[in-house]
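Below is one structure, written out as structure tokens, with a few remarks after it.
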Amino acid sequence: MRVEQLECLVAVTRHGSLRRASEHLHLSQPALSESITRLERELGVLLLDRRRSGARISRDGRELLPYVEAVLESVSRLRKAAGDTDLASRLLRVGTVSTATSTLLNPVLRTLAEERPESRIEVVNARQEEIDEGLRRGSLDVGLVNVLGGDDPPAGLVDVPLLTGPVVVVMPADHAFTAREEVAVSELLDEPFVAMREGYLMHRLALRVFGTHWPRAWASTDGAELGKAMVADGAGLTFLPRFSVDGDALQRAGAITHRPLAGLDEEVHLVVRTRAQGRRTAPLDRLLTLLQTRAAGLREVPAEDRIA
């Protein structure tokens with residue numbers, strides 16, 4: 001049982017319908033309905049009367065509503081007592097799949113530290129499903145994840161687009177493929193390959209690209225940063241979103257470069273993911289603003305000119 005589920009039930013009660021409640025919470029109606037359905041399963045009672053004309057709180061729901069409101073009030077008092085809005089004691093927790101770290105995340109963290117020296121930020125490298133779970137549980141405040149076109153955020157979470165780019169083959173700067181304008185999938189089959197571990201979008205994309213015929217020699221790792229380091233050390237080639245490589249420290253140092261992956265039109269989108277109903281503290285708002293501002297600046301700068 002999550003606080004967000006209780007807040008969904010109260011919203012439907014106060015606004016009189018799923019539609020109006022979803023608009024208030026900035027959630028889709030299916031996501032809102034699913035959140036309450038899960039709460040119903042946990043409690044073993046029907047909380048909403050769902051009819052063609054709409055959904056209203058049920059008799060059981062009305063009887064439980066005072067207890068729900070009491071829990072939410074207690075949570076509010078707990079947050080206030082803990083000084084949750086106190087900037088000096090606020091820890092921001094950022095979950096990332098380690099993409100565009102040098103060009104996007106690190107500069108934003110430097111700016112935030114300069115503006116607010118008392119701020120405390122914890123960056124956690126994790127798979128996307130772990131980031132989503134951390135956001136839902138409240139152990140993370142922000143997630144930086146990669147998605148494909150048409151991917152929707154999980155129920156209770158919202159995405160704001162930051163960067164979009166094609167998939168490129170990442171290679172050592174002295175690799176023979178640097179003479180090519182693009183690299184075919186078939187050519188990768190004879191090269192050692194560095195794959196992202198299951199749970200990362202690039203692993204999902206590798207399954208789509210290679211199907212049942214993977215490179216004969218390959219290794220797997222966690223996140224783009226480790227993948228680029230392994231490529232620089234000669235462990236193999238990999239593919240990543242172009243925005244994860246352009247301006248990276250290893251690229252600027254001349255250790256790695258990239259070429260387009262032929263025959264793949266899919267673009268990858270980097271988004272910042274947060275809780276739909278999460279409390280927006282001043283440090284969190286500033287972090288989100290800086291991420292969007294920095295991303296907008298990167299979109300205006302040619303890839304070859306990007307620096308951290």
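Quick note on naming: the chains in the structure tokens go A, B, ... in the order shown, residues restart at 1 in each chain, and ligands are numbered from 1 in order of appearance.
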- Message: Which residues are near range 213-217 of chain A? Cut-off 7 Å, only C-alpha atoms, ignore same chain within fewer than 6 positions. Put them as a ChimeraX atom specification.
- Response: /A:188-193
- Leaving out Glu133 in chain A and any residue of its chain fewer than 2 positions from it, which residues lie within 12 Å of it when counting only C-alpha atoms, given as a PyMOL selection string? chain A and resi 2+95+126-131+135-143+153-157+273-275
May I have the selected residues written with N, CA, C and O atoms, as a CSV table (one decimal), in the first residue's frame?
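Generated file (part04.csv):
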```csv
chain,number,residue,atom,x,y,z
A,2,ARG,N,0.6,2.2,-0.9
A,2,ARG,CA,1.4,3.4,-1.0
A,2,ARG,C,0.5,4.6,-0.8
A,2,ARG,O,-0.7,4.6,-1.0
A,95,GLY,N,18.3,8.8,-9.5
A,95,GLY,CA,18.6,7.6,-10.1
A,95,GLY,C,18.9,7.7,-11.6
A,95,GLY,O,18.2,8.5,-12.2
A,126,ALA,N,21.6,2.7,-11.6
A,126,ALA,CA,20.7,1.6,-11.5
A,126,ALA,C,20.0,1.3,-12.8
A,126,ALA,O,20.0,2.1,-13.7
A,127,ARG,N,19.4,0.1,-12.9
A,127,ARG,CA,18.6,-0.2,-14.1
A,127,ARG,C,17.3,0.5,-14.0
A,127,ARG,O,16.8,1.0,-13.0
A,128,GLN,N,16.6,0.6,-15.2
A,128,GLN,CA,15.4,1.4,-15.3
A,128,GLN,C,14.3,0.9,-14.3
A,128,GLN,O,13.7,1.7,-13.6
A,129,GLU,N,14.1,-0.4,-14.2
A,129,GLU,CA,13.1,-0.9,-13.4
A,129,GLU,C,13.4,-0.6,-11.9
A,129,GLU,O,12.5,-0.4,-11.1
A,130,GLU,N,14.7,-0.6,-11.5
A,130,GLU,CA,15.0,-0.2,-10.2
A,130,GLU,C,14.8,1.3,-9.9
A,130,GLU,O,14.4,1.6,-8.8
A,131,ILE,N,15.0,2.1,-10.9
A,131,ILE,CA,14.8,3.5,-10.7
A,131,ILE,C,13.3,3.7,-10.6
A,131,ILE,O,12.8,4.5,-9.7
A,135,LEU,N,11.4,5.4,-7.4
A,135,LEU,CA,10.5,6.6,-7.4
A,135,LEU,C,9.2,6.3,-6.8
A,135,LEU,O,8.7,7.1,-6.0
A,136,ARG,N,8.6,5.1,-7.0
A,136,ARG,CA,7.3,4.8,-6.5
A,136,ARG,C,7.4,4.7,-4.9
A,136,ARG,O,6.5,5.1,-4.2
A,137,ARG,N,8.5,4.1,-4.4
A,137,ARG,CA,8.6,4.0,-3.0
A,137,ARG,C,9.1,5.2,-2.3
A,137,ARG,O,9.0,5.4,-1.1
A,138,GLY,N,9.6,6.2,-3.1
A,138,GLY,CA,10.1,7.4,-2.4
A,138,GLY,C,11.5,7.4,-2.1
A,138,GLY,O,12.0,8.4,-1.5
A,139,SER,N,12.3,6.4,-2.4
A,139,SER,CA,13.7,6.3,-2.1
A,139,SER,C,14.5,7.1,-3.1
A,139,SER,O,15.7,7.3,-2.9
A,140,LEU,N,13.9,7.5,-4.2
A,140,LEU,CA,14.5,8.3,-5.2
A,140,LEU,C,13.6,9.5,-5.5
A,140,LEU,O,12.3,9.4,-5.4
A,141,ASP,N,14.1,10.7,-5.8
A,141,ASP,CA,13.4,11.8,-6.1
A,141,ASP,C,13.2,12.1,-7.6
A,141,ASP,O,12.2,12.6,-8.1
A,142,VAL,N,14.3,11.7,-8.4
A,142,VAL,CA,14.3,11.9,-9.8
A,142,VAL,C,15.0,10.7,-10.5
A,142,VAL,O,15.9,10.1,-9.9
A,143,GLY,N,14.5,10.4,-11.7
A,143,GLY,CA,15.1,9.4,-12.5
A,143,GLY,C,15.5,9.9,-13.8
A,143,GLY,O,14.8,10.7,-14.4
A,153,PRO,N,5.4,6.0,-19.3
A,153,PRO,CA,5.9,5.8,-18.0
A,153,PRO,C,5.0,4.9,-17.2
A,153,PRO,O,3.8,4.9,-17.5
A,154,PRO,N,5.5,4.2,-16.2
A,154,PRO,CA,4.6,3.4,-15.3
A,154,PRO,C,3.6,4.3,-14.6
A,154,PRO,O,3.7,5.5,-14.5
A,155,ALA,N,2.5,3.6,-14.2
A,155,ALA,CA,1.5,4.3,-13.5
A,155,ALA,C,2.0,5.1,-12.3
A,155,ALA,O,2.9,4.5,-11.5
A,156,GLY,N,1.6,6.3,-12.1
A,156,GLY,CA,2.0,7.1,-11.0
A,156,GLY,C,3.3,7.9,-11.2
A,156,GLY,O,3.8,8.7,-10.4
A,157,LEU,N,3.9,7.7,-12.4
A,157,LEU,CA,5.2,8.4,-12.7
A,157,LEU,C,4.9,9.2,-14.0
A,157,LEU,O,4.1,8.9,-14.8
A,273,ARG,N,12.3,11.5,-15.1
A,273,ARG,CA,11.1,10.9,-14.6
A,273,ARG,C,10.9,11.2,-13.1
A,273,ARG,O,11.9,11.1,-12.3
A,274,THR,N,9.7,11.6,-12.7
A,274,THR,CA,9.4,11.9,-11.3
A,274,THR,C,8.0,11.3,-11.0
A,274,THR,O,7.3,10.8,-11.8
A,275,ARG,N,7.7,11.3,-9.7
A,275,ARG,CA,6.4,10.9,-9.2
A,275,ARG,C,5.3,11.9,-9.7
A,275,ARG,O,5.5,13.1,-9.5
```
- Select, from A:Arg280, A:Val271, A:Arg252, A:Arg93, the residue with the minimum atom-to-atom distance to Arg120 in chain A, counting only C-alpha atoms. A:Arg93
How would you write, as an mmCIF file with all heavy atoms, in the first residue's frame, the set of residues in range 248-287 of chain A that DSSP gives as strand (DSSP E)?
```
data_model
loop_
_atom_site.group_PDB
_atom_site.id
_atom_site.type_symbol
_atom_site.label_atom_id
_atom_site.label_comp_id
_atom_site.auth_asym_id
_atom_site.auth_seq_id
_atom_site.Cartn_x
_atom_site.Cartn_y
_atom_site.Cartn_z
ATOM 1 N N ILE A 256 37.566 7.343 -27.619
ATOM 2 C CA ILE A 256 36.466 6.668 -28.302
ATOM 3 C C ILE A 256 35.862 7.614 -29.336
ATOM 4 O O ILE A 256 36.023 8.839 -29.271
ATOM 5 C CB ILE A 256 35.354 6.209 -27.329
ATOM 6 C CG1 ILE A 256 34.723 7.417 -26.614
ATOM 7 C CG2 ILE A 256 35.892 5.182 -26.338
ATOM 8 C CD1 ILE A 256 33.508 7.059 -25.759
ATOM 9 N N THR A 257 35.168 7.014 -30.296
ATOM 10 C CA THR A 257 34.388 7.777 -31.261
ATOM 11 C C THR A 257 33.177 6.931 -31.641
ATOM 12 O O THR A 257 32.932 5.884 -31.029
ATOM 13 C CB THR A 257 35.237 8.136 -32.502
ATOM 14 O OG1 THR A 257 34.500 9.033 -33.344
ATOM 15 C CG2 THR A 257 35.618 6.891 -33.294
ATOM 16 N N HIS A 258 32.421 7.351 -32.645
ATOM 17 C CA HIS A 258 31.236 6.576 -33.021
ATOM 18 C C HIS A 258 30.917 6.754 -34.500
ATOM 19 O O HIS A 258 31.373 7.708 -35.143
ATOM 20 C CB HIS A 258 30.022 6.976 -32.171
ATOM 21 C CG HIS A 258 29.604 8.413 -32.340
ATOM 22 N ND1 HIS A 258 28.970 8.889 -33.469
ATOM 23 C CD2 HIS A 258 29.730 9.484 -31.510
ATOM 24 C CE1 HIS A 258 28.712 10.180 -33.342
ATOM 25 N NE2 HIS A 258 29.168 10.572 -32.157
ATOM 26 N N ARG A 259 30.130 5.817 -35.010
ATOM 27 C CA ARG A 259 29.596 5.874 -36.360
ATOM 28 C C ARG A 259 28.135 5.429 -36.327
ATOM 29 O O ARG A 259 27.745 4.636 -35.453
ATOM 30 C CB ARG A 259 30.384 4.969 -37.318
ATOM 31 C CG ARG A 259 31.819 5.414 -37.563
ATOM 32 C CD ARG A 259 31.892 6.740 -38.299
ATOM 33 N NE ARG A 259 33.261 7.168 -38.587
ATOM 34 C CZ ARG A 259 34.001 7.892 -37.769
ATOM 35 N NH1 ARG A 259 33.500 8.273 -36.595
ATOM 36 N NH2 ARG A 259 35.224 8.247 -38.096
ATOM 37 N N PRO A 260 27.307 5.902 -37.260
ATOM 38 C CA PRO A 260 25.898 5.493 -37.275
ATOM 39 C C PRO A 260 25.749 3.982 -37.437
ATOM 40 O O PRO A 260 26.562 3.330 -38.102
ATOM 41 C CB PRO A 260 25.329 6.236 -38.497
ATOM 42 C CG PRO A 260 26.257 7.390 -38.709
ATOM 43 C CD PRO A 260 27.617 6.900 -38.302
ATOM 44 N N GLU A 267 14.999 6.061 -32.672
ATOM 45 C CA GLU A 267 15.690 7.055 -31.873
ATOM 46 C C GLU A 267 15.422 6.797 -30.395
ATOM 47 O O GLU A 267 14.378 6.263 -30.026
ATOM 48 C CB GLU A 267 15.240 8.471 -32.238
ATOM 49 C CG GLU A 267 15.745 8.945 -33.583
ATOM 50 C CD GLU A 267 15.560 10.436 -33.772
ATOM 51 O OE1 GLU A 267 14.454 10.925 -33.456
ATOM 52 O OE2 GLU A 267 16.500 11.105 -34.238
ATOM 53 N N VAL A 268 16.380 7.174 -29.575
ATOM 54 C CA VAL A 268 16.269 7.005 -28.121
ATOM 55 C C VAL A 268 16.013 8.370 -27.498
ATOM 56 O O VAL A 268 16.596 9.371 -27.909
ATOM 57 C CB VAL A 268 17.547 6.373 -27.536
ATOM 58 C CG1 VAL A 268 17.453 6.271 -26.016
ATOM 59 C CG2 VAL A 268 17.789 4.998 -28.153
ATOM 60 N N HIS A 269 15.129 8.395 -26.502
ATOM 61 C CA HIS A 269 14.781 9.634 -25.827
ATOM 62 C C HIS A 269 15.243 9.564 -24.372
ATOM 63 O O HIS A 269 14.940 8.601 -23.672
ATOM 64 C CB HIS A 269 13.269 9.862 -25.870
ATOM 65 C CG HIS A 269 12.694 9.776 -27.254
ATOM 66 N ND1 HIS A 269 12.650 10.843 -28.115
ATOM 67 C CD2 HIS A 269 12.166 8.717 -27.918
ATOM 68 C CE1 HIS A 269 12.098 10.467 -29.249
ATOM 69 N NE2 HIS A 269 11.799 9.177 -29.165
ATOM 70 N N LEU A 270 15.985 10.561 -23.954
ATOM 71 C CA LEU A 270 16.353 10.686 -22.545
ATOM 72 C C LEU A 270 15.295 11.543 -21.857
ATOM 73 O O LEU A 270 15.015 12.665 -22.296
ATOM 74 C CB LEU A 270 17.733 11.332 -22.401
ATOM 75 C CG LEU A 270 18.178 11.681 -20.973
ATOM 76 C CD1 LEU A 270 18.265 10.428 -20.112
ATOM 77 C CD2 LEU A 270 19.513 12.423 -20.989
ATOM 78 N N VAL A 271 14.700 11.016 -20.794
ATOM 79 C CA VAL A 271 13.659 11.746 -20.078
ATOM 80 C C VAL A 271 14.032 11.852 -18.603
ATOM 81 O O VAL A 271 14.799 11.039 -18.076
ATOM 82 C CB VAL A 271 12.280 11.050 -20.208
ATOM 83 C CG1 VAL A 271 11.876 10.911 -21.668
ATOM 84 C CG2 VAL A 271 12.276 9.681 -19.519
ATOM 85 N N VAL A 272 13.491 12.873 -17.949
ATOM 86 C CA VAL A 272 13.584 12.962 -16.500
ATOM 87 C C VAL A 272 12.246 12.496 -15.952
ATOM 88 O O VAL A 272 11.186 12.966 -16.365
ATOM 89 C CB VAL A 272 13.942 14.386 -16.031
ATOM 90 C CG1 VAL A 272 12.963 15.431 -16.527
ATOM 91 C CG2 VAL A 272 14.041 14.441 -14.505
ATOM 92 N N ARG A 273 12.299 11.515 -15.067
ATOM 93 C CA ARG A 273 11.085 10.856 -14.558
ATOM 94 C C ARG A 273 10.907 11.181 -13.076
ATOM 95 O O ARG A 273 11.857 11.108 -12.288
ATOM 96 C CB ARG A 273 11.196 9.352 -14.774
ATOM 97 C CG ARG A 273 10.022 8.527 -14.312
ATOM 98 C CD ARG A 273 10.108 7.104 -14.868
ATOM 99 N NE ARG A 273 9.842 7.102 -16.308
ATOM 100 C CZ ARG A 273 9.917 6.010 -17.080
ATOM 101 N NH1 ARG A 273 10.275 4.848 -16.543
ATOM 102 N NH2 ARG A 273 9.661 6.096 -18.374
ATOM 103 N N THR A 274 9.676 11.552 -12.709
ATOM 104 C CA THR A 274 9.358 11.872 -11.321
ATOM 105 C C THR A 274 8.018 11.259 -10.959
ATOM 106 O O THR A 274 7.284 10.766 -11.827
ATOM 107 C CB THR A 274 9.289 13.400 -11.088
ATOM 108 O OG1 THR A 274 8.301 13.960 -11.973
ATOM 109 C CG2 THR A 274 10.631 14.060 -11.345
ATOM 110 N N ARG A 275 7.686 11.314 -9.669
ATOM 111 C CA ARG A 275 6.372 10.867 -9.229
ATOM 112 C C ARG A 275 5.316 11.886 -9.661
ATOM 113 O O ARG A 275 5.514 13.102 -9.520
ATOM 114 C CB ARG A 275 6.332 10.705 -7.705
ATOM 115 C CG ARG A 275 7.174 9.555 -7.191
ATOM 116 C CD ARG A 275 6.976 9.349 -5.683
ATOM 117 N NE ARG A 275 7.458 10.472 -4.915
ATOM 118 C CZ ARG A 275 8.749 10.658 -4.591
ATOM 119 N NH1 ARG A 275 9.667 9.810 -5.002
ATOM 120 N NH2 ARG A 275 9.108 11.692 -3.870
#
```
- Got a sec: who's within 12 Å of Asp265 in chain A, counting only C-alpha atoms, leaving out chain neighbours fewer than 6 positions off, as a list in words? Leu148, Gly149, Gly165, Pro166, Val167, Val168, Leu205, Val209 and Pro241 of chain A
Go ahead and dump the residues you just picked, N, CA, C and O atoms, as a PDB file, in the first residue's frame.
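File produced: result_12.pdb:
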```
ATOM      1  N   LEU A 148      12.055   4.520 -25.643  1.00  0.00           N
ATOM      2  CA  LEU A 148      11.820   4.535 -27.076  1.00  0.00           C
ATOM      3  C   LEU A 148      10.496   5.224 -27.357  1.00  0.00           C
ATOM      4  O   LEU A 148       9.653   5.352 -26.468  1.00  0.00           O
ATOM      5  N   GLY A 149      10.312   5.678 -28.582  1.00  0.00           N
ATOM      6  CA  GLY A 149       9.063   6.311 -28.956  1.00  0.00           C
ATOM      7  C   GLY A 149       7.889   5.388 -28.682  1.00  0.00           C
ATOM      8  O   GLY A 149       7.922   4.201 -29.026  1.00  0.00           O
ATOM      9  N   GLY A 165      18.124  11.228 -29.687  1.00  0.00           N
ATOM     10  CA  GLY A 165      19.210  10.986 -30.630  1.00  0.00           C
ATOM     11  C   GLY A 165      19.181   9.595 -31.218  1.00  0.00           C
ATOM     12  O   GLY A 165      18.554   8.678 -30.664  1.00  0.00           O
ATOM     13  N   PRO A 166      19.876   9.395 -32.340  1.00  0.00           N
ATOM     14  CA  PRO A 166      19.955   8.072 -32.965  1.00  0.00           C
ATOM     15  C   PRO A 166      20.910   7.157 -32.215  1.00  0.00           C
ATOM     16  O   PRO A 166      21.681   7.602 -31.362  1.00  0.00           O
ATOM     17  N   VAL A 167      20.857   5.894 -32.540  1.00  0.00           N
ATOM     18  CA  VAL A 167      21.768   4.905 -31.966  1.00  0.00           C
ATOM     19  C   VAL A 167      23.031   4.858 -32.816  1.00  0.00           C
ATOM     20  O   VAL A 167      22.962   4.811 -34.051  1.00  0.00           O
ATOM     21  N   VAL A 168      24.191   4.893 -32.159  1.00  0.00           N
ATOM     22  CA  VAL A 168      25.474   4.853 -32.871  1.00  0.00           C
ATOM     23  C   VAL A 168      26.329   3.717 -32.338  1.00  0.00           C
ATOM     24  O   VAL A 168      26.162   3.274 -31.193  1.00  0.00           O
ATOM     25  N   LEU A 205      17.187  -3.057 -26.842  1.00  0.00           N
ATOM     26  CA  LEU A 205      17.432  -2.698 -28.236  1.00  0.00           C
ATOM     27  C   LEU A 205      18.368  -3.705 -28.897  1.00  0.00           C
ATOM     28  O   LEU A 205      18.216  -4.040 -30.079  1.00  0.00           O
ATOM     29  N   VAL A 209      17.927  -5.769 -32.329  1.00  0.00           N
ATOM     30  CA  VAL A 209      18.878  -5.650 -33.435  1.00  0.00           C
ATOM     31  C   VAL A 209      19.466  -7.003 -33.817  1.00  0.00           C
ATOM     32  O   VAL A 209      19.516  -7.369 -35.003  1.00  0.00           O
ATOM     33  N   PRO A 241      22.909   5.636 -27.384  1.00  0.00           N
ATOM     34  CA  PRO A 241      22.358   6.856 -27.990  1.00  0.00           C
ATOM     35  C   PRO A 241      23.491   7.843 -28.253  1.00  0.00           C
ATOM     36  O   PRO A 241      24.439   7.956 -27.475  1.00  0.00           O
TER      37      PRO A 241
END
```
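One distance worth recording is that between CA of Asp233 in chain A and CA of Ala184 in chain A, which is 22.5 Å.
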Distance query Glu40 in chain A at most 12 Å, only C-alpha atoms, self and fewer than 2 positions along chain excluded, as a compact mmCIF listing (two decimals) with all heavy atoms, in the first residue's frame:
```txt
# COMPACT_ATOMS: atom_id res chain seq x y z
N MET A 1 0.85 -1.20 0.00
CA MET A 1 0.00 0.00 0.00
C MET A 1 0.89 1.24 0.00
O MET A 1 1.83 1.35 0.78
CB MET A 1 -0.90 0.00 1.24
CG MET A 1 -1.88 1.16 1.30
SD MET A 1 -2.83 1.15 2.84
CE MET A 1 -3.53 -0.50 2.84
N GLN A 5 -1.66 5.80 -3.61
CA GLN A 5 -2.94 5.12 -3.83
C GLN A 5 -4.04 5.75 -2.98
O GLN A 5 -5.17 5.94 -3.44
CB GLN A 5 -2.80 3.63 -3.49
CG GLN A 5 -1.89 2.87 -4.43
CD GLN A 5 -1.63 1.46 -3.95
OE1 GLN A 5 -1.33 1.23 -2.78
NE2 GLN A 5 -1.73 0.49 -4.85
N LEU A 6 -3.70 6.08 -1.75
CA LEU A 6 -4.68 6.73 -0.87
C LEU A 6 -5.05 8.11 -1.41
O LEU A 6 -6.21 8.51 -1.36
CB LEU A 6 -4.12 6.83 0.54
CG LEU A 6 -3.67 5.52 1.20
CD1 LEU A 6 -3.14 5.79 2.60
CD2 LEU A 6 -4.81 4.52 1.25
N CYS A 8 -5.07 8.98 -4.48
CA CYS A 8 -5.94 8.79 -5.65
C CYS A 8 -7.40 8.62 -5.22
O CYS A 8 -8.31 9.21 -5.82
CB CYS A 8 -5.49 7.56 -6.44
SG CYS A 8 -3.99 7.81 -7.43
N LEU A 9 -7.61 7.82 -4.18
CA LEU A 9 -8.97 7.59 -3.70
C LEU A 9 -9.59 8.90 -3.20
O LEU A 9 -10.74 9.21 -3.52
CB LEU A 9 -8.97 6.55 -2.60
CG LEU A 9 -10.34 6.24 -1.96
CD1 LEU A 9 -11.30 5.66 -3.00
CD2 LEU A 9 -10.18 5.29 -0.78
N SER A 33 -7.21 4.62 -12.32
CA SER A 33 -8.09 3.50 -12.02
C SER A 33 -7.30 2.28 -11.56
O SER A 33 -7.68 1.58 -10.62
CB SER A 33 -8.92 3.15 -13.26
OG SER A 33 -9.78 2.06 -12.99
N GLU A 34 -6.14 2.02 -12.23
CA GLU A 34 -5.32 0.87 -11.87
C GLU A 34 -4.74 1.04 -10.46
O GLU A 34 -4.65 0.07 -9.70
CB GLU A 34 -4.18 0.71 -12.87
CG GLU A 34 -3.17 -0.39 -12.54
CD GLU A 34 -3.79 -1.77 -12.48
OE1 GLU A 34 -4.86 -1.99 -13.06
OE2 GLU A 34 -3.18 -2.65 -11.82
N SER A 35 -4.37 2.26 -10.09
CA SER A 35 -3.84 2.50 -8.76
C SER A 35 -4.87 2.17 -7.69
O SER A 35 -4.56 1.52 -6.67
CB SER A 35 -3.41 3.97 -8.63
OG SER A 35 -2.88 4.23 -7.36
N ILE A 36 -6.12 2.57 -7.92
CA ILE A 36 -7.18 2.28 -6.95
C ILE A 36 -7.53 0.80 -6.96
O ILE A 36 -7.82 0.21 -5.91
CB ILE A 36 -8.41 3.16 -7.24
CG1 ILE A 36 -8.05 4.63 -7.02
CG2 ILE A 36 -9.59 2.76 -6.34
CD1 ILE A 36 -9.18 5.60 -7.31
N THR A 37 -7.48 0.17 -8.15
CA THR A 37 -7.76 -1.26 -8.23
C THR A 37 -6.77 -2.06 -7.39
O THR A 37 -7.14 -3.01 -6.69
CB THR A 37 -7.70 -1.73 -9.69
OG1 THR A 37 -8.73 -1.07 -10.44
CG2 THR A 37 -7.91 -3.24 -9.79
N ARG A 38 -5.49 -1.67 -7.44
CA ARG A 38 -4.48 -2.36 -6.63
C ARG A 38 -4.76 -2.17 -5.14
O ARG A 38 -4.57 -3.09 -4.35
CB ARG A 38 -3.09 -1.83 -6.98
CG ARG A 38 -2.63 -2.22 -8.38
CD ARG A 38 -1.23 -1.69 -8.66
NE ARG A 38 -0.77 -2.05 -9.99
CZ ARG A 38 0.40 -1.69 -10.51
NH1 ARG A 38 1.22 -0.94 -9.78
NH2 ARG A 38 0.74 -2.06 -11.72
N GLU A 42 -5.56 -5.07 -2.22
CA GLU A 42 -4.86 -5.17 -0.94
C GLU A 42 -5.82 -5.15 0.25
O GLU A 42 -5.64 -5.87 1.22
CB GLU A 42 -3.86 -4.02 -0.82
CG GLU A 42 -2.67 -4.12 -1.76
CD GLU A 42 -1.65 -3.03 -1.50
OE1 GLU A 42 -1.19 -2.91 -0.36
OE2 GLU A 42 -1.32 -2.30 -2.45
N LEU A 43 -6.86 -4.31 0.14
CA LEU A 43 -7.81 -4.17 1.24
C LEU A 43 -8.92 -5.22 1.20
O LEU A 43 -9.59 -5.46 2.20
CB LEU A 43 -8.43 -2.77 1.23
CG LEU A 43 -7.46 -1.60 1.47
CD1 LEU A 43 -8.19 -0.27 1.36
CD2 LEU A 43 -6.79 -1.72 2.83
N GLY A 44 -9.15 -5.79 0.02
CA GLY A 44 -10.19 -6.80 -0.10
C GLY A 44 -11.60 -6.24 -0.16
O GLY A 44 -12.56 -6.94 0.15
N VAL A 45 -11.74 -4.96 -0.56
CA VAL A 45 -13.06 -4.32 -0.69
C VAL A 45 -13.07 -3.49 -1.96
O VAL A 45 -12.04 -3.05 -2.46
CB VAL A 45 -13.39 -3.41 0.52
CG1 VAL A 45 -13.47 -4.21 1.79
CG2 VAL A 45 -12.36 -2.30 0.65
N LEU A 46 -14.29 -3.29 -2.49
CA LEU A 46 -14.45 -2.40 -3.63
C LEU A 46 -14.61 -0.97 -3.13
O LEU A 46 -15.54 -0.67 -2.37
CB LEU A 46 -15.68 -2.80 -4.47
CG LEU A 46 -15.54 -4.10 -5.28
CD1 LEU A 46 -16.85 -4.42 -5.98
CD2 LEU A 46 -14.41 -3.98 -6.29
N LEU A 47 -13.72 -0.11 -3.56
CA LEU A 47 -13.74 1.27 -3.09
C LEU A 47 -14.50 2.19 -4.03
O LEU A 47 -14.97 3.26 -3.63
CB LEU A 47 -12.30 1.79 -2.95
CG LEU A 47 -11.42 1.01 -1.96
CD1 LEU A 47 -9.97 1.45 -2.07
CD2 LEU A 47 -11.92 1.20 -0.54
N LEU A 48 -14.64 1.77 -5.30
CA LEU A 48 -15.36 2.57 -6.28
C LEU A 48 -16.50 1.76 -6.90
O LEU A 48 -16.36 0.55 -7.12
CB LEU A 48 -14.42 3.04 -7.40
CG LEU A 48 -13.28 3.99 -7.04
CD1 LEU A 48 -12.49 4.34 -8.30
CD2 LEU A 48 -13.80 5.25 -6.37
N ASP A 49 -17.60 2.43 -7.17
CA ASP A 49 -18.67 1.87 -7.99
C ASP A 49 -18.42 2.33 -9.42
O ASP A 49 -18.55 3.52 -9.73
CB ASP A 49 -20.05 2.35 -7.52
CG ASP A 49 -20.46 1.70 -6.22
OD1 ASP A 49 -20.07 0.53 -6.00
OD2 ASP A 49 -21.15 2.36 -5.42
N ILE A 57 -17.30 6.86 -5.38
CA ILE A 57 -16.87 6.09 -4.22
C ILE A 57 -18.00 5.20 -3.73
O ILE A 57 -19.17 5.58 -3.73
CB ILE A 57 -16.37 7.04 -3.11
CG1 ILE A 57 -15.66 6.22 -2.00
CG2 ILE A 57 -17.49 7.88 -2.55
CD1 ILE A 57 -14.84 7.07 -1.06
N SER A 58 -17.67 3.98 -3.34
CA SER A 58 -18.66 3.00 -2.90
C SER A 58 -19.01 3.21 -1.43
O SER A 58 -18.41 4.04 -0.73
CB SER A 58 -18.11 1.59 -3.09
OG SER A 58 -17.02 1.37 -2.20
N ASP A 60 -18.47 1.03 0.96
CA ASP A 60 -17.29 0.63 1.73
C ASP A 60 -16.21 1.72 1.68
O ASP A 60 -15.51 1.98 2.67
CB ASP A 60 -16.71 -0.68 1.19
CG ASP A 60 -17.58 -1.88 1.55
OD1 ASP A 60 -18.34 -1.79 2.53
OD2 ASP A 60 -17.48 -2.90 0.84
N GLY A 61 -16.10 2.33 0.51
CA GLY A 61 -15.12 3.40 0.37
C GLY A 61 -15.41 4.57 1.28
O GLY A 61 -14.51 5.14 1.90
N LEU A 64 -14.45 3.79 4.82
CA LEU A 64 -13.00 3.77 5.06
C LEU A 64 -12.36 5.13 4.86
O LEU A 64 -11.22 5.35 5.28
CB LEU A 64 -12.33 2.76 4.12
CG LEU A 64 -12.65 1.28 4.37
CD1 LEU A 64 -12.00 0.41 3.30
CD2 LEU A 64 -12.17 0.86 5.76
```
- Item | Residues within 10 Å of Leu105 in chain A, only C-alpha atoms, excluding chain neighbours under 4 positions, as a PyMOL selection string | chain A and resi 94+96+98-101+109-110+123+144+287+290-291+294-295+308
